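Please read the structure below before turning to the comments.
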Amino acid sequence: MAEATPQTIYLKDYTPFGYQVDEVHLTFHLSPKATRVVSRIEFTPKPDAVERSFFLHGEQLKLIAAKIDGQPVSPDVTAQGLTCDVPSTPFVWESEVEISPVTNTALEGLYMSNGMYCTQCEAEGFRKITYYPDRPDVMSTFTVRIEGDEKVLLSNGNPTDSGEGWAEWHDPWPKPAYLFALVAGDLVNHPDSFTTASGQDVELNIWVRPGDEGKCAFGMEALKKSMTWDEQVYGLEYDLDIFNIVAVDDFNMGAMENKGLNIFNSSCVLASPETSTDANFERIEAIIAHEYFHNWTGNRITCRDWFQLCLKEGLTVYRDSQFTSDMRSASVKRISDVIDLRGRQFAEDNGPLAHQVRPESFQEINNFYTATIYEKGAEVIGMLKRLVGDEAYAKAVALYFERHDGQACTIEDWLQVFEDSTGRDLSQFSKWYSQAGTPRIKVTDDYSDGTYTLTLEQSTPPTPGQPDKDPRVIPVAVGLLGQNGDEVRGTEVLELTEAKQSFSFDGLASKPVPSILREFSAPIIMERESTNAERAFLLAHDSDSFNRWEAGNTLAKEARVAMVLDAAAPDADYLDALTKLVRDDSLDPAFRALVLSPPSQSDLAQTLFERGHTPDPQAIYDAAETFAQTLAEALTDSLPRLYADTTVQGAYSSDAESAGKRDLNARILSLLTRLDGGEAAARQYDAADNMTQQNAALACLLKAENGEAQSQAFYDQWQGDRLVMDKWFGLQVACSAPKKAASAAANLTEHALFDLKNPNRFRAVMGALAMNQAGFHYEGGAGYQLLADNLIALDALNPQTTARMCSAFQTWKRYDSTRQELIRAQLERISATDNLSRDTNEMVSRILNG
């Protein structure tokens, strides 16, 4: 049973805190088991307060003393916080508490990671540090003194003074407590500097453990690129004298945007060619940009309450996507974003975990750091920009920063600036925030007397708590192609606002081929009868890169569906089109690599389910293997040349062009391995001077069950590097055949280097098992039981990571009755665990009952 009866929090019940927090002074006396935190907080009662009770959040705190205006008081203390009688005039609250960082395995509040003190306060971790109104609409300036034996003592803002064993910091910008940060440890810095557009010199540092200094250069360059880009594109400058990043080994998230002191999971900032893949480099660049961009979209303007989480996260994800598009390939970035959206967010929308971009209630806010909040939230921003245009978007965003700087805001505040600056009524558009689910658009067309008509009909399936949905504003970008492949009508954005609507295009000499939903202009599922011939035509001729890729992706999906349902041979026309495209050296290698990437097995399972079929994970896996083998054989004569031509020579560079070429090379190598048994992969492994090539070769060999020697060599070489070993752990499971995946994962949990308490290592093994669809769902349910065993064990240590990993079970109702019963049994076993955390209890309940 759960540790406490879950309490549901509702958006409609929001009430402002009854007191203004004028100043916060904190002193930390650091000690692993008994850190003392002394707080001095100045409160002023709000004259117009609706609720005046004085309640301070606090969890897992030992109260030593409390005072009001210097006089001792005895507050009423519970497991959730304290209440106390306070004056009706301004007063000073003081308290001293004791906490134990070294035993804080939940990694929330102040904890220790391999001897280093670190904080994580979003969403509600500050209440585990001291008593405070731990809510995002309470903003104040912080002055912090840290006393400890550690070499480096860091907090938010600017350093003001320091001496032997102590340091003081002051953050002049009011912030909520979730942005508080403290780091103390024996660290070394990778320094640099940046001069803002207005001439302010900013000191930059990336702080790491000794030995990691050589992995900071790329992250520093990414930071400086981000600062420059934000000035040039959004007109936003940095606002402190110093900007610090710290790499931490044990961290639940990717990174955290604390004001002036960003704390990063080591995997999201440390990079070198020898230890990091191209994907790692791109992810690091994007995450550093994301956290830096939060300085304005999240810090200077924050959320009024946690229901508005998408206000900062959706907008900042959209901004970091813009940044990556400018730094690398815009078309490849867009396609990659859509693949991720469909793989993660559409699964949420179509299952028991469906929720609005702005939820109306929650029990545990940590469970709403989801793809819906982040990725779909970003898509909503993109749709808004598409509807109003680039110039109007820039004007509205500038007004947003001008009007709301220093405030805690809502989605209504965000939309209001667009209404005020553009004159548009966005009341219908706001339904994207309030209605869950992925809209479906059914498309039919007609051609008569030179007029082509598209009829669009929208609907959204029921989701938990929302059986009926109103029509939304949906921007549908459309272009028309002539029979020779030329574009006869350029891209136009159709605004679908009704349940059913028709749009006409006049003056056409013949019926065109429509290119619909260009650049994936809205996060919807389009339903339209088409033919493989038309899809092949779009794959060959469409000027829109996304729709060109989409045509190939749909061809691939249809071919595999036919193989699963009808035992059909791989579609010959699609194979022919694909082999021609792969051989086309004029195309961007990164785009060719994406076209060669098959639809995920989870995507195929969902497609079959939506068409009324019960997906068989093993049959889907077998079809994928058969298709890949057939493709390799069709390319037999070309693969050696393609492999040689796409092998990048010379010193490693992480630039987009080189990375795209290596990506294509890896996919060619995987096909070649099917023919030569791994000879080329073994040679590449031996010759590799960078992790991208080494990792790709090892994956091919493990997949071919011919890589035992290379796997041991990889382990021997990298066993001292935690981040590289995460790759090794993950590959052992991800590359296993379905019948071996669960046992491989089980064996790895007994490995000497497996650490249940380290989120990266846990995700490397259990995340890889969940992603190995045929392995996770292999008959008998061993994968289900193994994941449940580990979730139960982890929940007592780290509820946040446990709850998020529960989402591996969210698609359980699409499978056959035997698998459903096996999964239900594991979910019920988790639910019955004594002292189950609120986080995990909520997730399991939603998955079971949604």
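By order in the structure tokens, chains are A, B, ...; within a chain, residues start at 1; ligands start at 1, following the order shown.
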
Need to verify the contact set: A:Thr554, 9 Å, only C-alpha atoms, exclusion of same-chain residues closer than 4 positions in sequence. Can you return it as a CSV table (one decimal) with N, CA and C atoms, in the first residue's frame?
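File produced: part-v3.csv:
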```csv
chain,number,residue,atom,x,y,z
A,532,ASN,N,0.5,3.2,-52.6
A,532,ASN,CA,2.0,3.1,-52.6
A,532,ASN,C,2.6,3.9,-53.7
A,535,ARG,N,2.7,7.5,-52.7
A,535,ARG,CA,3.7,7.7,-51.6
A,535,ARG,C,5.1,7.6,-52.3
A,549,TRP,N,10.2,12.4,-46.3
A,549,TRP,CA,10.5,11.3,-45.3
A,549,TRP,C,9.3,10.6,-44.9
A,550,GLU,N,8.2,11.3,-44.7
A,550,GLU,CA,6.9,10.7,-44.2
A,550,GLU,C,6.4,9.7,-45.2
A,558,GLU,N,3.6,0.3,-44.1
A,558,GLU,CA,2.6,-0.5,-44.8
A,558,GLU,C,3.2,-1.8,-45.2
A,559,ALA,N,4.4,-1.8,-45.6
A,559,ALA,CA,5.1,-3.0,-46.0
A,559,ALA,C,5.2,-4.0,-44.9
A,599,PRO,N,10.3,2.2,-39.1
A,599,PRO,CA,9.4,2.5,-38.1
A,599,PRO,C,9.7,1.7,-36.8
```

Which parts of stretch 317-529 of chain A does DSSP call helix (DSSP H, G or I) when run on the backbone here, written out as an MDAnalysis selection string?
chainID A and resid 317:327 330:349 365:368 371:388 390:404 411:422 431:434 518:520

Kindly indicate which residue among A:Gly377, A:Gly775, A:Gly214, A:Gly850 lies nearest to A:Ile620, using only C-alpha atoms for the distances.
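Of A:Gly377, A:Gly775, A:Gly214, A:Gly850, the one nearest A:Ile620, counting only C-alpha atoms, is A:Gly775.
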
Enumerate, as a ChimeraX atom specification, the complete set of residues in stretch 184-416 of chain A that a backbone-based DSSP assignment places in strand (DSSP E).
/A:184-185,188-195,201-208,242-248,255-256,261-265,302-303,361-362,408-409

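In terms of minimum interatomic distance to A:Leu723, A:Glu274 ranks closest within A:Glu274, A:Leu496, A:Thr455, A:Leu748, counting only C-alpha atoms.
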
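Among the candidates A:Asn835, A:Gln629, A:Thr531, A:Ser162, the residue lying nearest to A:Asp573 is A:Thr531 (atoms considered: only C-alpha atoms).
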
In terms of the shortest atom-to-atom distance over only C-alpha atoms, which of A:Ala577, A:Ile301, A:Ile381, A:Ala666 is closest to A:Glu402?
A:Ile301

8 Å contact set for A:Gln60, only C-alpha atoms, chain neighbours under 4 positions out, as an MDAnalysis selection string
chainID A and resid 79 99 128

Store the residues picked out above, limited to N, CA and C atoms, as a compact mmCIF listing (two decimals), in the first residue's frame.
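Dumped to result.txt:
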```
# COMPACT_ATOMS: atom_id res chain seq x y z
N ALA A 79 4.34 15.96 9.21
CA ALA A 79 5.24 15.38 8.22
C ALA A 79 5.31 16.20 6.95
N ILE A 99 19.47 18.09 8.57
CA ILE A 99 19.15 17.14 7.51
C ILE A 99 20.35 16.23 7.28
N LYS A 128 12.70 19.90 1.54
CA LYS A 128 13.55 18.93 2.23
C LYS A 128 14.86 19.55 2.68
```

Nearby residues (only C-alpha atoms) at most 10 Å from stretch 101-106 of chain A, same-chain spacing under 6 positions excluded, as a VMD selection string:
chain A and resid 30 to 35 60 112 to 120 125 128 to 129 250 to 252 757 to 758 794 to 801

Deliver the residues from the most recent selection as a file, using N, CA and C atoms, as an mmCIF file, in the first residue's frame.
```cif
data_model
loop_
_atom_site.group_PDB
_atom_site.id
_atom_site.type_symbol
_atom_site.label_atom_id
_atom_site.label_comp_id
_atom_site.auth_asym_id
_atom_site.auth_seq_id
_atom_site.Cartn_x
_atom_site.Cartn_y
_atom_site.Cartn_z
ATOM 1 N N LEU A 30 27.776 22.452 6.576
ATOM 2 C CA LEU A 30 27.725 21.173 5.879
ATOM 3 C C LEU A 30 28.307 20.040 6.721
ATOM 4 N N SER A 31 27.608 18.920 6.711
ATOM 5 C CA SER A 31 28.059 17.688 7.344
ATOM 6 C C SER A 31 27.278 16.558 6.690
ATOM 7 N N PRO A 32 27.941 15.456 6.288
ATOM 8 C CA PRO A 32 27.237 14.409 5.542
ATOM 9 C C PRO A 32 25.975 13.904 6.215
ATOM 10 N N LYS A 33 26.033 13.640 7.506
ATOM 11 C CA LYS A 33 24.871 13.084 8.203
ATOM 12 C C LYS A 33 24.086 14.111 8.996
ATOM 13 N N ALA A 34 24.646 15.291 9.192
ATOM 14 C CA ALA A 34 23.976 16.256 10.071
ATOM 15 C C ALA A 34 24.265 17.681 9.615
ATOM 16 N N THR A 35 23.831 18.021 8.405
ATOM 17 C CA THR A 35 23.947 19.400 7.931
ATOM 18 C C THR A 35 22.948 20.269 8.670
ATOM 19 N N GLN A 60 10.996 15.668 6.095
ATOM 20 C CA GLN A 60 12.215 14.972 6.509
ATOM 21 C C GLN A 60 13.215 15.945 7.149
ATOM 22 N N MET A 112 24.067 13.852 -1.455
ATOM 23 C CA MET A 112 25.477 13.677 -1.782
ATOM 24 C C MET A 112 25.625 12.702 -2.942
ATOM 25 N N SER A 113 26.533 13.032 -3.869
ATOM 26 C CA SER A 113 26.854 12.176 -5.008
ATOM 27 C C SER A 113 28.351 11.931 -4.992
ATOM 28 N N ASN A 114 28.745 10.734 -4.562
ATOM 29 C CA ASN A 114 30.168 10.381 -4.504
ATOM 30 C C ASN A 114 30.990 11.440 -3.764
ATOM 31 N N GLY A 115 30.489 11.840 -2.616
ATOM 32 C CA GLY A 115 31.220 12.783 -1.770
ATOM 33 C C GLY A 115 30.970 14.242 -2.064
ATOM 34 N N MET A 116 30.185 14.562 -3.084
ATOM 35 C CA MET A 116 29.907 15.947 -3.434
ATOM 36 C C MET A 116 28.490 16.310 -2.988
ATOM 37 N N TYR A 117 28.342 17.468 -2.357
ATOM 38 C CA TYR A 117 27.015 17.967 -1.998
ATOM 39 C C TYR A 117 26.351 18.568 -3.236
ATOM 40 N N CYS A 118 25.077 18.302 -3.384
ATOM 41 C CA CYS A 118 24.347 18.769 -4.562
ATOM 42 C C CYS A 118 22.890 18.950 -4.204
ATOM 43 N N THR A 119 22.197 19.844 -4.887
ATOM 44 C CA THR A 119 20.765 20.026 -4.664
ATOM 45 C C THR A 119 19.981 19.748 -5.938
ATOM 46 N N GLN A 120 18.743 19.338 -5.770
ATOM 47 C CA GLN A 120 17.743 19.317 -6.830
ATOM 48 C C GLN A 120 16.424 19.710 -6.176
ATOM 49 N N GLY A 125 11.590 20.035 -4.003
ATOM 50 C CA GLY A 125 12.701 19.529 -3.214
ATOM 51 C C GLY A 125 13.191 20.479 -2.140
ATOM 52 N N LYS A 128 12.697 19.899 1.543
ATOM 53 C CA LYS A 128 13.549 18.927 2.227
ATOM 54 C C LYS A 128 14.863 19.553 2.680
ATOM 55 N N ILE A 129 14.967 20.890 2.513
ATOM 56 C CA ILE A 129 16.164 21.610 2.939
ATOM 57 C C ILE A 129 15.868 22.474 4.165
ATOM 58 N N ASP A 250 25.084 11.503 -10.072
ATOM 59 C CA ASP A 250 23.785 10.972 -9.652
ATOM 60 C C ASP A 250 22.744 12.078 -9.748
ATOM 61 N N PHE A 251 21.854 11.957 -10.749
ATOM 62 C CA PHE A 251 20.895 13.033 -10.996
ATOM 63 C C PHE A 251 19.674 12.429 -11.678
ATOM 64 N N ASN A 252 18.495 12.750 -11.189
ATOM 65 C CA ASN A 252 17.268 12.142 -11.712
ATOM 66 C C ASN A 252 16.913 12.629 -13.113
ATOM 67 N N LYS A 757 21.072 2.616 -7.288
ATOM 68 C CA LYS A 757 20.854 3.985 -6.828
ATOM 69 C C LYS A 757 21.271 5.037 -7.849
ATOM 70 N N ASN A 758 21.997 4.618 -8.894
ATOM 71 C CA ASN A 758 22.407 5.573 -9.920
ATOM 72 C C ASN A 758 21.384 5.577 -11.055
ATOM 73 N N LEU A 794 13.664 -0.177 -6.155
ATOM 74 C CA LEU A 794 14.113 1.205 -6.305
ATOM 75 C C LEU A 794 13.184 2.188 -5.618
ATOM 76 N N ASP A 795 11.903 1.872 -5.544
ATOM 77 C CA ASP A 795 10.939 2.842 -5.016
ATOM 78 C C ASP A 795 11.296 3.305 -3.610
ATOM 79 N N ALA A 796 11.810 2.409 -2.805
ATOM 80 C CA ALA A 796 12.177 2.790 -1.430
ATOM 81 C C ALA A 796 13.360 3.742 -1.400
ATOM 82 N N LEU A 797 14.124 3.771 -2.513
ATOM 83 C CA LEU A 797 15.307 4.621 -2.574
ATOM 84 C C LEU A 797 15.070 5.890 -3.380
ATOM 85 N N ASN A 798 14.413 5.764 -4.528
ATOM 86 C CA ASN A 798 14.269 6.881 -5.461
ATOM 87 C C ASN A 798 12.898 6.818 -6.136
ATOM 88 N N PRO A 799 11.885 7.362 -5.488
ATOM 89 C CA PRO A 799 10.526 7.285 -6.043
ATOM 90 C C PRO A 799 10.379 7.958 -7.404
ATOM 91 N N GLN A 800 11.114 9.033 -7.633
ATOM 92 C CA GLN A 800 10.934 9.795 -8.864
ATOM 93 C C GLN A 800 11.335 8.976 -10.092
ATOM 94 N N THR A 801 12.507 8.361 -10.049
ATOM 95 C CA THR A 801 12.948 7.528 -11.166
ATOM 96 C C THR A 801 12.051 6.305 -11.307
#
```

Go through A:Phe126, A:Tyr178, A:Trp229, A:Phe809 and flag the residue nearest A:Met327, using only C-alpha atoms for the distances.
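Checking each candidate against A:Met327, we get A:Trp229 as the closest.
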
Between A:Asp340, A:Asp390, A:Glu291, A:Asp726, which residue has the minimum interatomic distance to A:Ala764, considering only C-alpha atoms?
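Going through A:Asp340, A:Asp390, A:Glu291, A:Asp726 one by one, the smallest distance to A:Ala764 is for A:Asp726.
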
Who sits within 10 Å of A:Thr195, only C-alpha atoms, same chain under 6 positions skipped, as number ranges by chain
A: 201-203, 224, 227-228, 237-238

Considering only C-alpha atoms, give me a table of residues in stretch 654-691 of chain A that are at most 10 Å from stretch 583-598 of chain A, with the closest atom pair and distance in Å for each, as JSON lines.
```
{"residue": "A:Ala656", "atom": "CA", "partner": "A:Ala590", "partner_atom": "CA", "distance": 8.5}
{"residue": "A:Glu657", "atom": "CA", "partner": "A:Ala590", "partner_atom": "CA", "distance": 7.8}
{"residue": "A:Ser658", "atom": "CA", "partner": "A:Pro589", "partner_atom": "CA", "distance": 9.1}
{"residue": "A:Ala659", "atom": "CA", "partner": "A:Ala590", "partner_atom": "CA", "distance": 7.7}
{"residue": "A:Gly660", "atom": "CA", "partner": "A:Ala590", "partner_atom": "CA", "distance": 4.1}
{"residue": "A:Lys661", "atom": "CA", "partner": "A:Pro589", "partner_atom": "CA", "distance": 5.2}
{"residue": "A:Arg662", "atom": "CA", "partner": "A:Pro589", "partner_atom": "CA", "distance": 8.4}
{"residue": "A:Asp663", "atom": "CA", "partner": "A:Ala593", "partner_atom": "CA", "distance": 6.2}
{"residue": "A:Leu664", "atom": "CA", "partner": "A:Ala593", "partner_atom": "CA", "distance": 4.5}
{"residue": "A:Asn665", "atom": "CA", "partner": "A:Ala593", "partner_atom": "CA", "distance": 8.2}
{"residue": "A:Ala666", "atom": "CA", "partner": "A:Ala593", "partner_atom": "CA", "distance": 8.6}
{"residue": "A:Arg667", "atom": "CA", "partner": "A:Ala593", "partner_atom": "CA", "distance": 6.7}
{"residue": "A:Ile668", "atom": "CA", "partner": "A:Ala593", "partner_atom": "CA", "distance": 8.7}
```
